[in-house]
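Visitor: Here you go, coords.tsv (TSV, C-alpha atoms):
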chain	number	residue	atom	x	y	z
A	112	MET	CA	22.38	133.35	-180.55
A	113	LYS	CA	19.58	133.04	-183.05
A	114	VAL	CA	16.33	131.56	-181.77
A	115	GLY	CA	13.71	130.16	-184.10
A	116	GLU	CA	10.21	129.14	-183.17
A	117	VAL	CA	7.92	126.46	-184.53
A	118	ARG	CA	4.39	126.48	-183.14
A	119	ASN	CA	1.70	123.92	-183.70
A	120	ALA	CA	-1.25	122.49	-181.80
A	121	GLY	CA	0.24	120.59	-178.88
A	122	GLY	CA	3.79	121.61	-179.72
A	123	ARG	CA	4.33	118.19	-181.24
A	124	ALA	CA	7.73	117.23	-182.64
A	125	SER	CA	6.61	114.95	-185.46
A	126	GLU	CA	4.78	117.83	-187.13
A	127	ALA	CA	7.72	120.17	-186.51
A	128	LEU	CA	10.29	117.85	-188.06
A	129	ARG	CA	10.04	119.24	-191.59
A	130	SER	CA	10.47	122.78	-190.27
A	131	LEU	CA	13.43	121.79	-188.11
A	132	ILE	CA	15.16	120.04	-191.02
A	133	CYS	CA	14.70	123.19	-193.13
A	134	ILE	CA	15.93	125.50	-190.36
A	135	ASP	CA	18.90	123.18	-189.72
A	136	HIS	CA	19.95	123.40	-193.36
A	137	LEU	CA	19.59	127.17	-193.40
A	138	LEU	CA	21.04	128.17	-190.05
A	139	GLY	CA	22.22	125.05	-188.26
A	140	VAL	CA	20.28	123.92	-185.21
A	141	GLY	CA	22.36	123.31	-182.09
A	142	ALA	CA	19.52	122.70	-179.63
A	143	VAL	CA	15.78	122.24	-179.57
A	144	ILE	CA	13.55	123.02	-176.62
A	145	VAL	CA	10.24	121.14	-176.54
A	146	ILE	CA	7.60	122.97	-174.49
A	147	HIS	CA	4.10	121.64	-173.86
A	148	HIS	CA	1.81	123.57	-171.53
A	149	THR	CA	-0.85	122.71	-168.99
A	150	ASP	CA	-4.48	122.89	-170.14
A	151	CYS	CA	-3.25	122.54	-173.74
A	152	GLY	CA	-6.08	121.98	-176.21
A	153	LEU	CA	-4.53	118.72	-177.31
A	154	THR	CA	-5.12	117.32	-173.81
A	155	HIS	CA	-8.84	117.92	-174.40
A	156	LEU	CA	-9.09	116.42	-177.90
A	157	ARG	CA	-9.18	112.78	-178.87
A	158	ASN	CA	-8.51	111.24	-182.26
A	159	ASP	CA	-11.80	109.32	-182.05
A	160	PHE	CA	-13.81	112.50	-181.57
A	161	LEU	CA	-12.06	114.30	-184.43
A	162	HIS	CA	-12.39	111.32	-186.76
A	163	SER	CA	-16.10	111.22	-186.06
A	164	SER	CA	-16.56	114.98	-186.43
A	165	LEU	CA	-14.65	115.16	-189.72
A	166	THR	CA	-16.41	112.10	-191.10
A	167	GLN	CA	-19.69	113.91	-190.57
A	168	LYS	CA	-18.31	116.91	-192.46
A	169	ALA	CA	-16.77	114.91	-195.32
A	170	PRO	CA	-18.19	111.37	-195.41
A	171	GLU	CA	-16.61	110.83	-198.83
A	172	ASN	CA	-13.17	110.97	-197.16
A	173	THR	CA	-13.80	108.41	-194.41
A	174	ALA	CA	-10.73	106.32	-195.28
A	175	GLU	CA	-8.41	109.35	-195.35
A	176	ILE	CA	-9.83	110.67	-192.07
A	177	ALA	CA	-9.35	107.33	-190.31
A	178	LYS	CA	-5.60	107.57	-190.99
A	179	MET	CA	-5.26	111.08	-189.52
A	180	ASP	CA	-3.34	111.37	-186.27
A	181	PHE	CA	-4.06	114.57	-184.40
A	182	LEU	CA	-1.32	113.81	-181.88
A	183	GLU	CA	-3.58	113.89	-178.84
A	184	ILE	CA	-1.90	114.30	-175.46
A	185	LEU	CA	-2.91	111.95	-172.65
A	186	ASP	CA	-0.11	112.88	-170.24
A	187	LEU	CA	1.95	116.05	-170.51
A	188	LYS	CA	5.27	114.74	-169.24
A	189	ALA	CA	4.92	111.65	-171.40
A	190	SER	CA	4.21	113.75	-174.50
A	191	VAL	CA	7.32	115.85	-173.88
A	192	VAL	CA	9.45	112.72	-173.40
A	193	GLU	CA	7.97	111.19	-176.57
A	194	ASP	CA	8.76	114.31	-178.57
A	195	MET	CA	12.30	114.59	-177.18
A	196	LYS	CA	12.87	111.00	-178.27
A	197	ILE	CA	11.53	111.67	-181.78
A	198	LEU	CA	14.00	114.53	-182.19
A	199	LYS	CA	16.97	112.68	-180.67
A	200	ASP	CA	16.30	109.57	-182.74
A	201	SER	CA	15.67	111.34	-186.03
A	202	PRO	CA	18.26	110.35	-188.63
A	203	TYR	CA	17.56	113.67	-190.35
A	204	LEU	CA	18.81	115.95	-187.58
A	205	ARG	CA	22.41	116.14	-186.40
A	206	LYS	CA	23.51	113.40	-184.04
A	207	ASP	CA	24.87	115.84	-181.46
A	208	LEU	CA	21.60	117.81	-181.31
A	209	LYS	CA	20.80	118.93	-177.77
A	210	VAL	CA	17.15	118.39	-176.83
A	211	TYR	CA	15.56	119.91	-173.73
A	212	GLY	CA	12.00	119.40	-172.56
A	213	TYR	CA	9.69	121.41	-170.32
A	214	VAL	CA	6.10	121.54	-169.17
A	215	TYR	CA	4.98	125.16	-168.86
A	216	ASP	CA	2.41	125.73	-166.13
A	217	ILE	CA	0.08	128.44	-167.43
A	218	LYS	CA	-1.19	129.19	-163.92
A	219	THR	CA	2.17	129.74	-162.21
A	220	GLY	CA	4.26	130.65	-165.26
A	221	LYS	CA	6.85	128.11	-164.15
A	222	LEU	CA	8.70	125.72	-166.43
A	223	GLN	CA	9.08	122.18	-165.16
A	224	ASP	CA	12.16	120.40	-166.43
A	225	VAL	CA	11.41	117.03	-168.04
A	226	LYS	CA	14.09	114.40	-168.34
A	227	GLU	CA	13.94	111.51	-170.74
B	236	MET	CA	-11.23	138.25	-180.17
B	237	LYS	CA	-8.89	135.33	-179.56
B	238	VAL	CA	-5.93	135.04	-181.90
B	239	GLY	CA	-4.01	131.80	-182.30
B	240	GLU	CA	-0.73	131.36	-184.09
B	241	VAL	CA	0.71	128.45	-186.03
B	242	ARG	CA	4.31	128.86	-187.14
B	243	ASN	CA	6.26	126.60	-189.43
B	244	ALA	CA	9.05	126.93	-191.98
B	245	GLY	CA	7.57	128.90	-194.86
B	246	GLY	CA	4.24	129.44	-193.12
B	247	ARG	CA	2.77	126.66	-195.23
B	248	ALA	CA	-0.92	125.78	-194.93
B	249	SER	CA	-0.70	122.06	-195.64
B	250	GLU	CA	1.48	121.56	-192.59
B	251	ALA	CA	-0.76	123.81	-190.48
B	252	LEU	CA	-3.98	121.98	-191.38
B	253	ARG	CA	-3.88	119.52	-188.47
B	254	SER	CA	-3.32	122.37	-186.02
B	255	LEU	CA	-6.13	124.43	-187.56
B	256	ILE	CA	-8.57	121.51	-187.38
B	257	CYS	CA	-7.70	121.05	-183.70
B	258	ILE	CA	-8.03	124.76	-182.92
B	259	ASP	CA	-11.31	124.90	-184.84
B	260	HIS	CA	-12.76	122.10	-182.72
B	261	LEU	CA	-11.58	123.73	-179.51
B	262	LEU	CA	-12.31	127.38	-180.11
B	263	GLY	CA	-13.92	127.76	-183.52
B	264	VAL	CA	-11.88	129.43	-186.26
B	265	GLY	CA	-13.62	132.30	-188.06
B	266	ALA	CA	-10.72	133.51	-190.17
B	267	VAL	CA	-7.18	132.52	-191.08
B	268	ILE	CA	-4.47	134.92	-192.16
B	269	VAL	CA	-1.68	133.39	-194.25
B	270	ILE	CA	1.55	135.41	-194.03
B	271	HIS	CA	4.71	134.55	-195.93
B	272	HIS	CA	7.68	136.93	-195.73
B	273	THR	CA	10.38	138.14	-198.09
B	274	ASP	CA	13.78	136.42	-197.84
B	275	CYS	CA	12.05	133.45	-196.20
B	276	GLY	CA	14.33	130.44	-195.83
B	277	LEU	CA	11.95	128.33	-197.88
B	278	THR	CA	12.68	130.56	-200.89
B	279	HIS	CA	16.33	129.51	-200.57
B	280	LEU	CA	15.79	125.77	-200.17
B	281	ARG	CA	14.92	123.23	-202.84
B	282	ASN	CA	13.50	119.75	-202.39
B	283	ASP	CA	16.29	118.33	-204.59
B	284	PHE	CA	19.00	119.75	-202.35
B	285	LEU	CA	17.33	118.50	-199.16
B	286	HIS	CA	16.69	115.06	-200.61
B	287	SER	CA	20.34	114.80	-201.54
B	288	SER	CA	21.57	116.11	-198.17
B	289	LEU	CA	19.34	113.78	-196.15
B	290	THR	CA	20.18	110.79	-198.34
B	291	GLN	CA	23.83	111.36	-197.45
B	292	LYS	CA	22.90	111.41	-193.77
B	293	ALA	CA	20.60	108.39	-193.88
B	294	PRO	CA	21.19	106.36	-197.05
B	295	GLU	CA	19.09	103.51	-195.63
B	296	ASN	CA	16.02	105.78	-195.88
B	297	THR	CA	16.40	106.84	-199.51
B	298	ALA	CA	12.88	105.79	-200.48
B	299	GLU	CA	11.28	107.65	-197.55
B	300	ILE	CA	13.37	110.75	-198.21
B	301	ALA	CA	12.40	110.84	-201.89
B	302	LYS	CA	8.75	111.21	-200.88
B	303	MET	CA	9.37	114.15	-198.52
B	304	ASP	CA	8.01	117.50	-199.63
B	305	PHE	CA	9.66	120.42	-197.89
B	306	LEU	CA	7.17	122.85	-199.42
B	307	GLU	CA	9.77	124.99	-201.16
B	308	ILE	CA	8.68	128.47	-202.25
B	309	LEU	CA	9.50	129.59	-205.79
B	310	ASP	CA	7.32	132.70	-205.81
B	311	LEU	CA	6.00	134.38	-202.68
B	312	LYS	CA	2.66	135.61	-204.01
B	313	ALA	CA	2.04	132.25	-205.64
B	314	SER	CA	2.78	130.40	-202.41
B	315	VAL	CA	0.32	132.59	-200.49
B	316	VAL	CA	-2.37	132.03	-203.14
B	317	GLU	CA	-1.69	128.28	-203.09
B	318	ASP	CA	-2.02	128.16	-199.31
B	319	MET	CA	-5.20	130.28	-199.29
B	320	LYS	CA	-6.69	127.82	-201.76
B	321	ILE	CA	-5.72	124.80	-199.63
B	322	LEU	CA	-7.52	126.32	-196.65
B	323	LYS	CA	-10.59	127.43	-198.60
B	324	ASP	CA	-10.92	124.07	-200.36
B	325	SER	CA	-10.36	121.92	-197.28
B	326	PRO	CA	-13.41	119.79	-196.51
B	327	TYR	CA	-12.21	119.69	-192.90
B	328	LEU	CA	-12.54	123.39	-192.15
B	329	ARG	CA	-15.82	125.29	-192.10
B	330	LYS	CA	-17.19	126.30	-195.48
B	331	ASP	CA	-17.62	129.94	-194.49
B	332	LEU	CA	-14.02	130.26	-193.27
B	333	LYS	CA	-12.54	133.64	-194.17
B	334	VAL	CA	-9.02	133.40	-195.57
B	335	TYR	CA	-6.73	136.41	-196.00
B	336	GLY	CA	-3.26	136.39	-197.49
B	337	TYR	CA	-0.28	138.72	-197.14
B	338	VAL	CA	3.37	138.98	-198.08
B	339	TYR	CA	5.30	140.66	-195.27
B	340	ASP	CA	8.27	142.72	-196.47
B	341	ILE	CA	10.95	142.32	-193.80
B	342	LYS	CA	12.81	145.43	-195.08
B	343	THR	CA	9.91	147.88	-194.98
B	344	GLY	CA	7.69	146.10	-192.43
B	345	LYS	CA	4.77	146.48	-194.82
B	346	LEU	CA	2.14	143.84	-195.52
B	347	GLN	CA	1.15	143.39	-199.14
B	348	ASP	CA	-2.39	142.15	-199.62
B	349	VAL	CA	-2.61	139.04	-201.82
B	350	LYS	CA	-5.83	138.18	-203.61
B	351	GLU	CA	-6.64	134.74	-204.94
Could the structure of this file be written out as structure tokens, please?
Guide:
Amino acid sequence: MKVGEVRNAGGRASEALRSLICIDHLLGVGAVIVIHHTDCGLTHLRNDFLHSSLTQKAPENTAEIAKMDFLEILDLKASVVEDMKILKDSPYLRKDLKVYGYVYDIKTGKLQDVKE
Amino acid sequence: MKVGEVRNAGGRASEALRSLICIDHLLGVGAVIVIHHTDCGLTHLRNDFLHSSLTQKAPENTAEIAKMDFLEILDLKASVVEDMKILKDSPYLRKDLKVYGYVYDIKTGKLQDVKE
């Protein structure tokens, strides 16, 4: 079994979709495992804060910045469920794609199964 | 030194930008290393092919699909240079960000330094 890995801040599916489509066309993707972890940086960041920080850096791009979604995480189980749904509902991935979701506890090392 | 990793198909900077902005606000990013590798799947995929394949899957989304950029790679050194430039020119990352680029040869295991 070949295992590929896509890693991004928060482990968010919407940002991984392009990569998954590419990998699917190259190798065929049978299953995707979404893993978000406790104390993830994205649980400590808010779009509002980032919009404000970037606007200070590049005030000429205020309109562009306002549209940016940094995919903040308010609730870890909810973010895993949301991402599983994005992958299952995507018309660009195969209909029989298996999608599994877990929250990884960085203190105990345990994976908590998340069901949709 | 803390080292973070962002992984996506092709190792492309434009897709990693959101993650890098988040990581920068959480931990501070002093340097980014862009690594693309020989025989990378993105050197074997073309936007035209993916547009056509996805349009067959989801003909109702033809307009959306036509706008998708899968960040195909025609030349490995050129793609590293392009991505280094995206990171250096980004108004959203710090101005003194150090950016290094390499092509990783999967046959020899050697990293080839790429200069802008």
Visitor: Could you tell me which of B:Val316, B:Leu277, B:Ile321, B:Val238 comes closest to chain A if we count all atoms listed in the file?
Guide: B:Leu277
Visitor: For each of B:Ser325, B:Asn282, B:Ser314, B:Ser288, take the minimum atom-to-atom distance to Arg253 (chain B), counting only C-alpha atoms, then give the residue where this is smallest.
Guide: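 Checking each of B:Ser325, B:Asn282, B:Ser314, B:Ser288 against Arg253 (chain B), counting only C-alpha atoms, the winner is B:Ser325.
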Visitor: Could you tell me which residues of chain A sit within 6 Å of chain B when counting all atoms listed in the file, and give me the result as a list in words?
Guide: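 Every residue of chain A that passes the 6 Å test is in Val117, Arg118, Asn119, Ala120 and Ser130 of chain A.
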Visitor: Which distance in Å separates CA of Ala248 (chain B) and CA of Asp318 (chain B), to one decimal?
Guide: 5.1 Å
Visitor: Mind pulling up the distance from CA of Gly141 (chain A) to CA of Leu208 (chain A)?
Guide: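 It comes out at 5.6 Å.
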Visitor: Between CA of Ala174 (chain A) and CA of Met319 (chain B), what is the distance, to one decimal in Å?
Guide: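 According to the coordinates, CA of Ala174 (chain A) and CA of Met319 (chain B) are separated by 24.9 Å.
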Visitor: Counting all atoms listed in the file, which of B:Lys350, B:Met236, B:Ile341, B:Ile270 gets nearest to Lys320 (chain B)?
Guide: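 Of all the options, B:Lys350 lies closest to Lys320 (chain B).
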